[in-house]
Structure formats: C-alpha cells, structure tokens
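Just run22.csv here, CSV, C-alpha atoms:
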```csv
chain,number,residue,atom,x,y,z
A,1,MET,CA,-161.3,48.2,-56.1
A,2,PRO,CA,-158.5,46.5,-54.1
A,3,SER,CA,-160.4,46.9,-50.9
A,4,SER,CA,-163.5,45.4,-52.4
A,5,GLY,CA,-161.5,42.3,-53.6
A,6,MET,CA,-160.3,41.4,-50.0
A,7,PRO,CA,-163.6,40.1,-48.8
A,8,SER,CA,-164.1,38.0,-51.9
A,9,SER,CA,-160.7,36.3,-51.5
A,10,LYS,CA,-161.4,35.6,-47.8
A,11,LEU,CA,-164.7,34.1,-48.7
A,12,LYS,CA,-163.0,31.8,-51.2
A,13,ILE,CA,-160.5,30.8,-48.6
A,14,VAL,CA,-163.2,30.1,-46.0
A,15,ALA,CA,-165.2,28.2,-48.6
A,16,GLY,CA,-162.2,26.1,-49.5
A,17,VAL,CA,-161.5,25.3,-45.9
A,18,ILE,CA,-165.1,24.4,-45.3
A,19,THR,CA,-165.1,22.2,-48.4
A,20,PHE,CA,-161.9,20.5,-47.3
A,21,VAL,CA,-163.3,19.9,-43.9
A,22,VAL,CA,-166.5,18.5,-45.4
A,23,ILE,CA,-164.5,16.2,-47.7
A,24,ILE,CA,-162.5,15.0,-44.7
A,25,ILE,CA,-165.6,14.4,-42.7
A,26,VAL,CA,-167.3,12.6,-45.6
A,27,MET,CA,-164.2,10.5,-46.2
A,28,PHE,CA,-164.0,9.7,-42.5
A,29,GLU,CA,-167.7,8.7,-42.4
A,30,SER,CA,-167.3,6.6,-45.6
A,31,VAL,CA,-164.5,4.4,-44.2
A,32,VAL,CA,-164.8,2.0,-41.3
A,33,VAL,CA,-162.2,-0.4,-39.9
A,34,VAL,CA,-163.4,-3.7,-38.4
A,35,GLU,CA,-161.1,-4.8,-35.7
A,36,ALA,CA,-159.5,-8.3,-35.5
A,37,GLY,CA,-161.8,-10.9,-33.9
A,38,HIS,CA,-164.9,-8.8,-34.7
A,39,ARG,CA,-167.6,-8.6,-37.3
A,40,GLY,CA,-169.3,-5.5,-38.5
A,41,VAL,CA,-173.1,-5.2,-38.4
A,42,VAL,CA,-174.3,-2.6,-40.9
A,43,LEU,CA,-177.2,-0.4,-39.9
A,44,TYR,CA,-178.9,1.6,-42.7
A,45,VAL,CA,-180.7,4.5,-41.0
A,46,GLY,CA,-181.1,2.3,-38.0
A,47,ALA,CA,-182.2,-0.9,-39.9
A,48,VAL,CA,-180.0,-4.0,-39.8
A,49,GLU,CA,-178.8,-4.9,-43.3
A,50,ASN,CA,-178.4,-8.4,-44.6
A,51,ARG,CA,-174.6,-8.3,-44.7
A,52,VAL,CA,-171.8,-8.7,-42.2
A,53,LEU,CA,-168.4,-7.0,-42.6
A,54,GLY,CA,-165.3,-9.0,-42.0
A,55,GLU,CA,-162.0,-7.7,-40.5
A,56,GLY,CA,-160.3,-4.8,-42.2
A,57,LEU,CA,-161.1,-1.6,-44.1
A,58,HIS,CA,-164.6,-1.1,-45.6
A,59,PHE,CA,-166.5,1.7,-47.4
A,60,ILE,CA,-170.0,2.6,-46.4
A,61,ILE,CA,-172.5,5.3,-47.2
A,62,PRO,CA,-171.7,8.3,-45.1
A,63,PHE,CA,-174.2,9.5,-42.6
A,64,ALA,CA,-176.7,6.9,-43.8
A,65,GLU,CA,-174.9,3.7,-42.7
A,66,GLN,CA,-173.4,2.9,-39.4
A,67,VAL,CA,-171.4,-0.2,-38.4
A,68,VAL,CA,-171.6,-1.9,-35.0
A,69,GLN,CA,-168.8,-4.3,-34.2
A,70,MET,CA,-169.6,-7.6,-32.6
A,71,GLU,CA,-166.8,-9.7,-31.0
A,72,VAL,CA,-166.6,-13.3,-32.4
A,73,ARG,CA,-163.6,-14.5,-30.4
A,74,THR,CA,-164.0,-17.0,-27.5
A,75,LEU,CA,-165.7,-15.4,-24.6
A,76,LYS,CA,-166.4,-16.6,-21.1
A,77,PHE,CA,-169.6,-16.4,-19.1
A,78,GLU,CA,-170.0,-17.6,-15.5
A,79,ALA,CA,-173.2,-18.0,-13.5
A,80,ASN,CA,-174.4,-19.6,-10.3
A,81,ALA,CA,-177.3,-21.9,-10.6
A,82,THR,CA,-179.7,-23.5,-8.1
A,83,ALA,CA,-182.0,-26.4,-8.8
A,84,ALA,CA,-183.8,-29.3,-7.1
A,85,SER,CA,-183.0,-32.9,-7.6
A,86,ASN,CA,-185.5,-35.6,-8.4
A,87,ASP,CA,-185.8,-36.4,-4.7
A,88,LEU,CA,-186.3,-32.7,-3.9
A,89,GLN,CA,-182.8,-32.0,-2.5
A,90,GLU,CA,-181.6,-28.4,-3.1
A,91,VAL,CA,-178.5,-28.4,-5.3
A,92,GLN,CA,-176.1,-25.5,-6.0
A,93,THR,CA,-173.4,-25.3,-8.6
A,94,THR,CA,-171.4,-22.8,-10.7
A,95,ILE,CA,-171.4,-23.0,-14.5
A,96,ALA,CA,-168.5,-21.5,-16.5
A,97,LEU,CA,-169.1,-21.3,-20.3
A,98,ASN,CA,-166.7,-20.7,-23.1
A,99,TYR,CA,-168.5,-19.7,-26.3
A,100,HIS,CA,-168.4,-17.5,-29.4
A,101,ILE,CA,-171.1,-16.2,-31.6
A,102,SER,CA,-171.5,-17.4,-35.2
A,103,PRO,CA,-169.5,-14.9,-37.3
A,104,SER,CA,-171.9,-15.2,-40.3
A,105,GLN,CA,-174.9,-14.6,-38.0
A,106,ALA,CA,-173.6,-11.6,-36.1
A,107,ASN,CA,-176.3,-9.3,-37.7
A,108,ILE,CA,-179.1,-11.7,-36.7
A,109,ILE,CA,-177.9,-11.9,-33.2
A,110,TYR,CA,-177.7,-8.1,-33.0
A,111,GLN,CA,-181.1,-7.7,-34.5
A,112,GLN,CA,-182.8,-10.3,-32.3
A,113,LEU,CA,-180.9,-10.1,-29.0
A,114,GLY,CA,-178.8,-7.0,-29.2
A,115,PRO,CA,-175.3,-6.5,-27.9
A,116,ASP,CA,-176.2,-7.6,-24.4
A,117,TYR,CA,-177.2,-11.1,-25.5
A,118,GLU,CA,-175.3,-12.6,-22.6
A,119,GLN,CA,-177.9,-11.4,-20.1
A,120,ARG,CA,-180.8,-11.9,-22.5
A,121,ILE,CA,-180.1,-15.5,-23.6
A,122,ILE,CA,-177.0,-17.1,-22.0
A,123,ALA,CA,-177.8,-16.5,-18.3
A,124,PRO,CA,-181.5,-17.8,-18.5
A,125,THR,CA,-180.4,-20.8,-20.6
A,126,ILE,CA,-177.9,-21.8,-17.9
A,127,GLN,CA,-180.5,-21.6,-15.2
A,128,GLU,CA,-183.2,-23.5,-17.1
A,129,SER,CA,-180.7,-26.1,-18.3
A,130,VAL,CA,-179.4,-26.8,-14.8
A,131,LYS,CA,-182.9,-27.1,-13.4
A,132,ALA,CA,-184.2,-29.4,-16.2
A,133,SER,CA,-181.1,-31.6,-16.1
A,134,VAL,CA,-180.7,-31.9,-12.3
A,135,ALA,CA,-184.3,-32.9,-11.9
A,136,LYS,CA,-183.5,-36.1,-13.8
A,137,PHE,CA,-181.2,-37.3,-11.1
A,138,ASN,CA,-181.5,-38.1,-7.4
A,139,ALA,CA,-179.1,-36.3,-5.1
A,140,GLU,CA,-177.1,-39.4,-4.6
A,141,GLU,CA,-176.8,-40.0,-8.3
A,142,LEU,CA,-175.4,-36.5,-8.7
A,143,ILE,CA,-172.5,-37.7,-6.6
A,144,THR,CA,-172.1,-41.2,-7.9
A,145,ARG,CA,-172.8,-40.3,-11.5
A,146,ARG,CA,-171.3,-36.9,-11.5
A,147,ALA,CA,-169.7,-37.2,-15.0
A,148,THR,CA,-173.1,-38.2,-16.5
A,149,ALA,CA,-175.0,-35.4,-14.9
A,150,LYS,CA,-172.4,-32.8,-16.0
A,151,ALA,CA,-172.6,-34.2,-19.6
A,152,VAL,CA,-176.4,-33.9,-19.6
A,153,ILE,CA,-176.2,-30.3,-18.4
A,154,ALA,CA,-173.5,-29.3,-20.9
A,155,GLN,CA,-175.4,-30.9,-23.8
A,156,THR,CA,-178.7,-29.1,-22.8
A,157,ILE,CA,-176.9,-25.8,-22.7
A,158,ALA,CA,-175.2,-26.4,-26.0
A,159,ASN,CA,-178.4,-27.4,-27.8
A,160,THR,CA,-180.4,-24.4,-26.6
A,161,LEU,CA,-177.7,-21.8,-27.4
A,162,SER,CA,-176.9,-23.3,-30.8
A,163,ALA,CA,-180.5,-22.6,-31.9
A,164,ARG,CA,-179.7,-18.9,-31.2
A,165,ASP,CA,-176.4,-19.0,-33.3
A,166,ILE,CA,-174.2,-19.1,-30.2
A,167,VAL,CA,-171.6,-21.8,-30.4
A,168,VAL,CA,-170.7,-23.5,-27.1
A,169,GLU,CA,-167.1,-24.6,-26.9
A,170,THR,CA,-166.7,-25.9,-23.4
A,171,VAL,CA,-168.8,-26.1,-20.3
A,172,PHE,CA,-167.1,-26.2,-16.9
A,173,ILE,CA,-169.2,-27.3,-13.9
A,174,THR,CA,-168.0,-27.1,-10.3
A,175,ASP,CA,-168.9,-29.7,-7.7
A,176,PHE,CA,-172.5,-29.9,-6.7
A,177,LYS,CA,-173.3,-28.5,-3.3
A,178,PHE,CA,-176.1,-29.8,-1.1
A,179,SER,CA,-177.7,-28.8,2.2
A,180,GLN,CA,-175.8,-29.5,5.4
A,181,ALA,CA,-178.4,-32.0,6.5
A,182,PHE,CA,-178.0,-34.0,3.3
A,183,ALA,CA,-174.2,-33.8,3.5
A,184,ASN,CA,-174.4,-35.3,7.0
A,185,GLN,CA,-176.7,-38.0,5.8
A,186,VAL,CA,-174.3,-38.9,3.0
A,187,GLU,CA,-171.4,-38.9,5.4
A,188,SER,CA,-173.2,-41.3,7.7
A,189,LYS,CA,-174.1,-43.6,4.8
A,190,VAL,CA,-170.5,-43.7,3.7
A,191,VAL,CA,-169.3,-44.5,7.2
A,192,ALA,CA,-171.9,-47.3,7.4
A,193,PHE,CA,-170.9,-48.7,4.0
A,194,GLN,CA,-167.2,-48.7,5.0
A,195,LYS,CA,-168.1,-50.6,8.2
A,196,TYR,CA,-170.1,-53.0,6.1
A,197,LEU,CA,-167.1,-53.6,3.8
A,198,THR,CA,-164.9,-54.2,6.8
A,199,GLU,CA,-167.3,-56.7,8.2
A,200,GLN,CA,-167.5,-58.4,4.9
A,201,ASN,CA,-163.7,-58.7,4.7
A,202,ASN,CA,-163.6,-60.1,8.3
A,203,LEU,CA,-166.3,-62.7,7.3
A,204,LEU,CA,-164.4,-63.6,4.2
A,205,ALA,CA,-161.2,-64.1,6.3
A,206,ILE,CA,-163.1,-66.3,8.7
A,207,LYS,CA,-164.5,-68.4,5.8
A,208,VAL,CA,-161.0,-68.8,4.4
A,209,ILE,CA,-159.7,-70.0,7.7
A,210,ALA,CA,-162.7,-72.4,8.1
A,211,ASN,CA,-162.1,-73.7,4.6
A,212,GLN,CA,-158.5,-74.3,5.4
A,213,THR,CA,-159.4,-76.2,8.5
A,214,VAL,CA,-161.9,-78.3,6.6
A,215,VAL,CA,-159.3,-79.0,3.9
A,216,GLN,CA,-156.7,-80.0,6.6
A,217,ALA,CA,-159.3,-82.2,8.3
A,218,GLN,CA,-160.2,-83.9,5.0
A,219,ALA,CA,-156.5,-84.4,4.3
A,220,ALA,CA,-155.9,-85.9,7.7
A,221,ALA,CA,-159.0,-88.2,7.3
A,222,ARG,CA,-157.7,-89.4,3.9
A,223,ALA,CA,-154.3,-90.0,5.5
A,224,ASN,CA,-155.8,-92.0,8.3
A,225,VAL,CA,-157.9,-94.0,5.8
A,226,ALA,CA,-154.8,-94.7,3.7
A,227,ARG,CA,-152.9,-95.7,6.8
A,228,ALA,CA,-155.6,-98.0,8.0
A,229,THR,CA,-155.9,-99.5,4.5
A,230,GLY,CA,-152.2,-100.2,4.5
A,231,GLU,CA,-152.2,-101.7,7.9
A,232,SER,CA,-155.2,-103.9,7.0
A,233,GLN,CA,-153.4,-105.1,3.9
A,234,ALA,CA,-150.3,-105.8,6.0
A,235,ILE,CA,-152.3,-107.8,8.5
A,236,ARG,CA,-153.9,-109.8,5.7
A,237,ILE,CA,-150.5,-110.6,4.3
A,238,ILE,CA,-149.0,-111.6,7.8
A,239,THR,CA,-152.1,-113.7,8.5
A,240,SER,CA,-151.6,-115.5,5.2
A,241,GLN,CA,-147.9,-116.1,5.9
A,242,LEU,CA,-148.8,-117.5,9.4
A,243,GLU,CA,-151.3,-119.9,7.8
A,244,HIS,CA,-148.6,-121.3,5.5
A,245,SER,CA,-145.5,-120.9,7.7
A,246,PRO,CA,-146.0,-120.9,11.5
A,247,ASP,CA,-142.3,-120.2,12.1
A,248,TYR,CA,-142.7,-116.7,10.4
A,249,LEU,CA,-143.2,-114.9,13.7
A,250,GLN,CA,-140.0,-116.5,15.2
A,251,TRP,CA,-138.0,-115.5,12.1
A,252,LEU,CA,-139.4,-112.0,12.3
A,253,SER,CA,-138.4,-111.8,16.0
A,254,ILE,CA,-134.9,-113.0,15.3
A,255,ASN,CA,-134.4,-110.4,12.5
A,256,ARG,CA,-135.6,-107.6,14.7
A,257,TRP,CA,-133.8,-108.7,17.9
A,258,ASN,CA,-131.2,-106.2,19.0
A,259,GLY,CA,-128.9,-108.9,20.5
A,260,GLN,CA,-129.6,-108.2,24.2
A,261,LEU,CA,-131.3,-110.6,26.5
A,262,PRO,CA,-133.5,-109.5,29.3
A,263,TYR,CA,-132.0,-109.2,32.8
A,264,ALA,CA,-134.6,-111.4,34.4
A,265,LEU,CA,-137.4,-113.6,33.3
A,266,GLY,CA,-140.6,-113.2,35.3
A,267,GLY,CA,-141.9,-116.4,37.0
A,268,THR,CA,-140.7,-120.0,36.8
A,269,GLY,CA,-142.3,-120.6,33.5
A,270,GLY,CA,-140.6,-117.7,31.7
A,271,VAL,CA,-138.9,-118.5,28.5
A,272,PRO,CA,-136.9,-116.4,26.0
A,273,PHE,CA,-138.9,-114.9,23.1
A,274,PHE,CA,-137.4,-117.6,20.8
A,275,GLN,CA,-136.3,-121.2,21.3
A,276,LEU,CA,-133.1,-122.8,20.1
A,277,PRO,CA,-133.6,-126.1,18.3
A,278,GLU,CA,-133.3,-129.2,20.6
A,279,VAL,CA,-130.4,-131.7,20.0
A,280,LYS,CA,-130.9,-135.5,20.7
A,281,PRO,CA,-128.2,-137.2,23.0
A,282,GLY,CA,-127.6,-140.1,20.6
A,283,LEU,CA,-127.1,-137.7,17.8
A,284,LEU,CA,-124.5,-135.8,19.8
A,285,GLN,CA,-122.6,-139.1,20.8
A,286,ASN,CA,-122.4,-140.3,17.2
A,287,GLN,CA,-121.0,-136.9,16.2
A,288,SER,CA,-118.3,-137.2,18.9
A,289,GLN,CA,-117.2,-140.7,17.8
A,290,THR,CA,-116.9,-139.6,14.2
A,291,GLN,CA,-114.7,-136.7,15.2
A,292,ASN,CA,-112.4,-139.0,17.2
A,293,GLN,CA,-112.0,-141.5,14.3
A,294,THR,CA,-111.0,-138.7,12.1
A,295,THR,CA,-108.4,-137.5,14.6
A,296,THR,CA,-106.8,-141.0,15.0
A,297,ARG,CA,-106.3,-141.4,11.3
```

Once you've parsed the file, please lay out its structure as structure tokens.
Amino acid sequence: MPSSGMPSSKLKIVAGVITFVVIIIVMFESVVVVEAGHRGVVLYVGAVENRVLGEGLHFIIPFAEQVVQMEVRTLKFEANATAASNDLQEVQTTIALNYHISPSQANIIYQQLGPDYEQRIIAPTIQESVKASVAKFNAEELITRRATAKAVIAQTIANTLSARDIVVETVFITDFKFSQAFANQVESKVVAFQKYLTEQNNLLAIKVIANQTVVQAQAAARANVARATGESQAIRIITSQLEHSPDYLQWLSINRWNGQLPYALGGTGGVPFFQLPEVKPGLLQNQSQTQNQTTTR
C-alpha cells in the first residue's frame, strides 16, 4: 500500500507544477506593457482590431490576441532627391524630415502600410514632392527664390503624408546642387552683373560731377548777370549825375586822389587831373588893401 501511494503523490506534484506553469504562462500572455512613446496595435488571431492601447499595463486574451507596438515619438527620415527644373536643369538636394504618426491611427497605419511605412510611403512621397515642386521653378529661381521653393516642397510633403495619418513637424532642405556647366554659367552671369553695377556706379558718379559743373556754371552766370546789372545801374546813376552836375567827375577824382602828384607830365599840353579855381588880379589887390587897413587900425 505505501509503495502504491508514491506514484500517486508524484503525479499530484507534477500536475501541480504543470498547472502552476500553465497559470504563469496564461498570466504572462494575458498581460502586456506598452512602452512610453508607443501605442499598442491589437491583433486578434492576426486581424487588426479597432482599438489602440496607450502606454502602460493592459490585459488581453491570451494566445488569441497579440500586441504590436508602434512608436509615436518624433522620428527622423532623410533621403536624397533628384529632379528637373522648369528649364530642364538637373537639381539635386537632400531632404530631412521630422515627423510622427498619429497616435489614434496607429492601427490603421499598421493595417494599411505595416511597420516599414517609411520605405512604403515617406521615401516615395519625398521623391515625388521634390519633382513636382522643383518643376514649377526655373533653375535660376531656385537660387533667387530659394525660401519660396523650399516652402512649396515642404507643404507638398506635409499635405501628402497627412492624408496617410503621418504628421510632419519640420522639413529641412539642403542647398540645391546643379550641374557644373550651369554653375559656371551662373558664376559668369554674377560676374557680369557685378561689372554692370560697377559701370552704373561710375556713370552715376560722372553724372553727379557733370551736374555739379552745370550748377557751378549756372551760379557763375547768375553772378555775372547780377554784376552786369549792378554796373549798368551804376552807369545810369553816374550818367544822370553828370547831366545835372558836370563837376561830379572832378569831385570824385579829388575824393579818390591819394595825395601824390605824377613825376612828369607828358607833352607841353599836359595838365593835372584836376584844376584849381582861377583868381582874378583885381580881386587879389582889393584883398591886400583890405588886410593893410585892418593892420594900421
């Protein structure tokens, strides 16, 4: 009897251990933890359910349900793109994209695109957006209107991806690269334009100098006219004075005389530039007698 009881107790122990292991496995399969920055896509026997699990601990049906975690934090995707401008110039650029998937639509993204949605949708979208946007500009406009061209590319990418529940945060676009022939052409054009600006500045300086010369000449002409007008008025005044007073010239000569007589007078008929008034002999004798009578008294 004791020997027959041994196998039965061992079976109970084995059964208990198996039951405990099964319970642990079931419990393990019934609990899932969604990591921070992720969302849980629930699959029921391979089919995507219409629910998304948030971060933390969740209970699911063991063995029947499975959870796939999708990252919803900001991600970066970078790709090289080549396109042709409106004037058929080859353009190369690099696009760096910061994005995140819509947390509430993580199950739809997994169902329609799968976990490798970057290669399925983001990479082709960048290529097509760059080609469609660059074709709207000439190669020269991509240089002169670079900010506008970048904004058009970024907006096109954002609109296309938002329709697939992918939220674009920032689009970084490096400088556009052109063929060597076009780069040489642009450089030659820039040099020619700089030379043109230099010539324009030189011409402007010449015009300024010419204008200054004209202004000075006009000012001199006005001064000459004013001087001539003043002299004409003075001549008219002098002429008027001479008509009314012939002795005006002699008076003017006396006032302007410096007190020095000339050393010699040329010719026998030379006379000083002014004449002293003549004195009559009778008048001089009468003045002498009058002075003598006054002295005797």

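Interatomic distance, CA of Leu57 (chain A) against CA of Val168 (chain A): 29.3 Å.
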
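Distance annotation: of A:Val68, A:Val134, A:Ala139, A:Val167, the residue with the minimal separation from Ile122 (chain A) is A:Val167; atom set is all atoms listed in the file.
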
I'd like the contact shell of Gln112 (chain A) - 12 Å cut-off, all atoms listed in the file, skipping same-chain residues fewer than 6 positions apart - returned as an mmCIF file with C-alpha atoms, keeping the file's coordinate frame.
```cif
data_model
loop_
_atom_site.group_PDB
_atom_site.id
_atom_site.type_symbol
_atom_site.label_atom_id
_atom_site.label_comp_id
_atom_site.auth_asym_id
_atom_site.auth_seq_id
_atom_site.Cartn_x
_atom_site.Cartn_y
_atom_site.Cartn_z
ATOM 1 C CA VAL A 48 -180.000 -4.000 -39.800
ATOM 2 C CA GLN A 105 -174.900 -14.600 -38.000
ATOM 3 C CA ALA A 106 -173.600 -11.600 -36.100
ATOM 4 C CA ARG A 120 -180.800 -11.900 -22.500
ATOM 5 C CA ILE A 121 -180.100 -15.500 -23.600
ATOM 6 C CA ARG A 164 -179.700 -18.900 -31.200
ATOM 7 C CA ASP A 165 -176.400 -19.000 -33.300
#
```

Query raised in the report: Using only C-alpha atoms, can you list as a ChimeraX atom specification the residues within 7 Å of (-174.9, -6.8, -38.8)?
Result: /A:40-43,48-52,106-108,110

Could you pull region 57-68 of chain A out of the structure just shown and give all heavy atoms as a PDB file, in the first residue's frame?
```
ATOM      1  N   LEU A  57       0.156  49.205 -18.545  1.00  0.00           N
ATOM      2  CA  LEU A  57      -0.210  47.785 -18.429  1.00  0.00           C
ATOM      3  C   LEU A  57      -1.612  47.543 -18.970  1.00  0.00           C
ATOM      4  O   LEU A  57      -2.542  48.288 -18.672  1.00  0.00           O
ATOM      5  CB  LEU A  57      -0.134  47.365 -16.961  1.00  0.00           C
ATOM      6  CG  LEU A  57      -0.448  45.911 -16.640  1.00  0.00           C
ATOM      7  CD1 LEU A  57       0.607  44.988 -17.236  1.00  0.00           C
ATOM      8  CD2 LEU A  57      -0.545  45.709 -15.126  1.00  0.00           C
ATOM      9  N   HIS A  58      -1.758  46.461 -19.754  1.00  0.00           N
ATOM     10  CA  HIS A  58      -3.048  46.109 -20.335  1.00  0.00           C
ATOM     11  C   HIS A  58      -3.221  44.587 -20.305  1.00  0.00           C
ATOM     12  O   HIS A  58      -2.240  43.836 -20.345  1.00  0.00           O
ATOM     13  CB  HIS A  58      -3.142  46.609 -21.787  1.00  0.00           C
ATOM     14  CG  HIS A  58      -2.993  48.097 -21.928  1.00  0.00           C
ATOM     15  ND1 HIS A  58      -4.048  48.968 -21.804  1.00  0.00           N
ATOM     16  CD2 HIS A  58      -1.887  48.850 -22.179  1.00  0.00           C
ATOM     17  CE1 HIS A  58      -3.611  50.205 -21.985  1.00  0.00           C
ATOM     18  NE2 HIS A  58      -2.295  50.151 -22.218  1.00  0.00           N
ATOM     19  N   PHE A  59      -4.509  44.171 -20.225  1.00  0.00           N
ATOM     20  CA  PHE A  59      -4.853  42.741 -20.244  1.00  0.00           C
ATOM     21  C   PHE A  59      -5.459  42.402 -21.604  1.00  0.00           C
ATOM     22  O   PHE A  59      -6.294  43.143 -22.131  1.00  0.00           O
ATOM     23  CB  PHE A  59      -5.844  42.390 -19.131  1.00  0.00           C
ATOM     24  CG  PHE A  59      -5.233  42.515 -17.762  1.00  0.00           C
ATOM     25  CD1 PHE A  59      -5.407  43.675 -17.021  1.00  0.00           C
ATOM     26  CD2 PHE A  59      -4.500  41.459 -17.229  1.00  0.00           C
ATOM     27  CE1 PHE A  59      -4.852  43.782 -15.760  1.00  0.00           C
ATOM     28  CE2 PHE A  59      -3.939  41.570 -15.966  1.00  0.00           C
ATOM     29  CZ  PHE A  59      -4.101  42.740 -15.234  1.00  0.00           C
ATOM     30  N   ILE A  60      -5.020  41.287 -22.141  1.00  0.00           N
ATOM     31  CA  ILE A  60      -5.534  40.825 -23.429  1.00  0.00           C
ATOM     32  C   ILE A  60      -5.910  39.356 -23.311  1.00  0.00           C
ATOM     33  O   ILE A  60      -5.607  38.700 -22.301  1.00  0.00           O
ATOM     34  CB  ILE A  60      -4.480  41.004 -24.542  1.00  0.00           C
ATOM     35  CG1 ILE A  60      -3.207  40.203 -24.200  1.00  0.00           C
ATOM     36  CG2 ILE A  60      -4.161  42.479 -24.754  1.00  0.00           C
ATOM     37  CD1 ILE A  60      -2.172  40.205 -25.305  1.00  0.00           C
ATOM     38  N   ILE A  61      -6.576  38.865 -24.335  1.00  0.00           N
ATOM     39  CA  ILE A  61      -6.940  37.445 -24.358  1.00  0.00           C
ATOM     40  C   ILE A  61      -5.700  36.636 -24.704  1.00  0.00           C
ATOM     41  O   ILE A  61      -5.101  36.837 -25.757  1.00  0.00           O
ATOM     42  CB  ILE A  61      -8.037  37.178 -25.404  1.00  0.00           C
ATOM     43  CG1 ILE A  61      -9.283  38.005 -25.073  1.00  0.00           C
ATOM     44  CG2 ILE A  61      -8.367  35.708 -25.471  1.00  0.00           C
ATOM     45  CD1 ILE A  61     -10.371  37.903 -26.138  1.00  0.00           C
ATOM     46  N   PRO A  62      -5.279  35.746 -23.795  1.00  0.00           N
ATOM     47  CA  PRO A  62      -4.042  35.008 -24.058  1.00  0.00           C
ATOM     48  C   PRO A  62      -4.176  34.091 -25.265  1.00  0.00           C
ATOM     49  O   PRO A  62      -5.238  33.526 -25.520  1.00  0.00           O
ATOM     50  CB  PRO A  62      -3.822  34.219 -22.773  1.00  0.00           C
ATOM     51  CG  PRO A  62      -5.170  34.109 -22.143  1.00  0.00           C
ATOM     52  CD  PRO A  62      -5.914  35.343 -22.530  1.00  0.00           C
ATOM     53  N   PHE A  63      -3.094  34.027 -25.995  1.00  0.00           N
ATOM     54  CA  PHE A  63      -2.937  33.166 -27.169  1.00  0.00           C
ATOM     55  C   PHE A  63      -3.811  33.595 -28.356  1.00  0.00           C
ATOM     56  O   PHE A  63      -3.539  33.204 -29.481  1.00  0.00           O
ATOM     57  CB  PHE A  63      -3.244  31.696 -26.815  1.00  0.00           C
ATOM     58  CG  PHE A  63      -2.418  31.193 -25.680  1.00  0.00           C
ATOM     59  CD1 PHE A  63      -3.021  30.971 -24.438  1.00  0.00           C
ATOM     60  CD2 PHE A  63      -1.065  30.928 -25.811  1.00  0.00           C
ATOM     61  CE1 PHE A  63      -2.271  30.506 -23.371  1.00  0.00           C
ATOM     62  CE2 PHE A  63      -0.318  30.454 -24.741  1.00  0.00           C
ATOM     63  CZ  PHE A  63      -0.916  30.240 -23.506  1.00  0.00           C
ATOM     64  N   ALA A  64      -4.846  34.366 -28.105  1.00  0.00           N
ATOM     65  CA  ALA A  64      -5.717  34.793 -29.197  1.00  0.00           C
ATOM     66  C   ALA A  64      -5.362  36.199 -29.682  1.00  0.00           C
ATOM     67  O   ALA A  64      -5.458  36.499 -30.873  1.00  0.00           O
ATOM     68  CB  ALA A  64      -7.170  34.747 -28.772  1.00  0.00           C
ATOM     69  N   GLU A  65      -4.959  37.034 -28.738  1.00  0.00           N
ATOM     70  CA  GLU A  65      -4.618  38.409 -29.090  1.00  0.00           C
ATOM     71  C   GLU A  65      -3.110  38.632 -28.960  1.00  0.00           C
ATOM     72  O   GLU A  65      -2.448  38.048 -28.095  1.00  0.00           O
ATOM     73  CB  GLU A  65      -5.364  39.417 -28.201  1.00  0.00           C
ATOM     74  CG  GLU A  65      -6.871  39.448 -28.457  1.00  0.00           C
ATOM     75  CD  GLU A  65      -7.565  40.481 -27.602  1.00  0.00           C
ATOM     76  OE1 GLU A  65      -6.997  40.871 -26.546  1.00  0.00           O
ATOM     77  OE2 GLU A  65      -8.675  40.919 -27.967  1.00  0.00           O
ATOM     78  N   GLN A  66      -2.641  39.501 -29.812  1.00  0.00           N
ATOM     79  CA  GLN A  66      -1.221  39.865 -29.832  1.00  0.00           C
ATOM     80  C   GLN A  66      -1.121  41.378 -30.005  1.00  0.00           C
ATOM     81  O   GLN A  66      -1.945  41.981 -30.689  1.00  0.00           O
ATOM     82  CB  GLN A  66      -0.506  39.139 -30.975  1.00  0.00           C
ATOM     83  CG  GLN A  66       0.977  39.434 -31.075  1.00  0.00           C
ATOM     84  CD  GLN A  66       1.601  38.771 -32.284  1.00  0.00           C
ATOM     85  OE1 GLN A  66       0.914  38.082 -33.052  1.00  0.00           O
ATOM     86  NE2 GLN A  66       2.893  38.975 -32.457  1.00  0.00           N
ATOM     87  N   VAL A  67      -0.119  41.994 -29.375  1.00  0.00           N
ATOM     88  CA  VAL A  67       0.037  43.447 -29.422  1.00  0.00           C
ATOM     89  C   VAL A  67       1.349  43.796 -30.117  1.00  0.00           C
ATOM     90  O   VAL A  67       2.407  43.275 -29.749  1.00  0.00           O
ATOM     91  CB  VAL A  67       0.015  44.064 -28.013  1.00  0.00           C
ATOM     92  CG1 VAL A  67       0.297  45.573 -28.079  1.00  0.00           C
ATOM     93  CG2 VAL A  67      -1.328  43.808 -27.346  1.00  0.00           C
ATOM     94  N   VAL A  68       1.221  44.634 -31.138  1.00  0.00           N
ATOM     95  CA  VAL A  68       2.395  45.163 -31.844  1.00  0.00           C
ATOM     96  C   VAL A  68       2.552  46.632 -31.452  1.00  0.00           C
ATOM     97  O   VAL A  68       1.605  47.423 -31.584  1.00  0.00           O
ATOM     98  CB  VAL A  68       2.235  45.044 -33.371  1.00  0.00           C
ATOM     99  CG1 VAL A  68       3.440  45.649 -34.081  1.00  0.00           C
ATOM    100  CG2 VAL A  68       2.044  43.593 -33.766  1.00  0.00           C
TER     101      VAL A  68
END
```
